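K.L.:
For reference, the structure I am asking about is given below.
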Amino acid sequence: MQPPADTDYKKLLTEVIQKQMVILGPSITLAKARNVKGLTVADDGTVVNIEGQPQELIQGLIDQFVQLSGLIVKKTMEPLLSIYPNEAIVEAAVSAISQPVIPVATTQPTQTPVIDTVSKEGGTK
């Protein structure tokens with residue numbers, strides 16, 4: 001099996017960026033994508049050049065959007081929290097929202113083998 005070519009990585013990165021453009025809008029998405037060192041992104045979200053390890057570029061792009069999601073939550077929660085008079089509640093919530101988001105590596109779950117046991121009477125349990 002051949003390793004993916006740069007064009008495959010460009011296609012993947014382009015797809016991620018263009019989907020985020022629909023969700024977040026082009027300005028925010030392009031600004032975040034262009035923060036990733038080694039990515040050259042056109043105004044339509046197409047990745048036109050990559051420099052460096054493609055896996056690191058993908059992770060860098062994901063990290064940019066993960067950082068942004070915390071800011072989105074903070075901005076959407078601030079007006080809601082402002083109606084509560086208890087400063088301790090507001091401070092605790094804002095503090096929790098402001099904590100950096102640490103991405104968690106995901107792995108595929110492993111399957112646990114199913115073992116049938118036979119009872120002395122000959123049936124299965």
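Letters A, B, ... go to the chains of the structure tokens in the order shown; residues in each chain start at 1; ligands are counted from 1 in the same order.
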With a distance cut-off of 8 Å and only C-alpha atoms, select the neighbouring residues of stretch 24-36 of chain A, excluding the residue or stretch itself and same-chain residues fewer than 3 positions from it, and output the selection as a PyMOL selection string.

P.N.:
chain A and resi 17+20-21+39-41+43+45+57+60-61+64-65

K.L.:
What's around stretch 6-8 of chain A at 12 Å? Count only C-alpha atoms, leave out sequence neighbours fewer than 5 positions away in its own chain, and write the answer as a ChimeraX atom specification.

P.N.:
/A:13-15,39,46-55,57-58

K.L.:
Between A:Ile83, A:Ile23, A:Val16, A:Ala42, single out the one closest to A:Ser69, counting only C-alpha atoms.

P.N.:
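Among the listed residues, the smallest separation from A:Ser69 belongs to A:Ile23.
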
K.L.:
May I have all residues of stretch 1-83 of chain A that DSSP, computed from the backbone, assigns to strand (DSSP E or B), given as JSON, numbers by chain?

P.N.:
{"A": [39, 40, 41, 47, 48, 49, 50]}
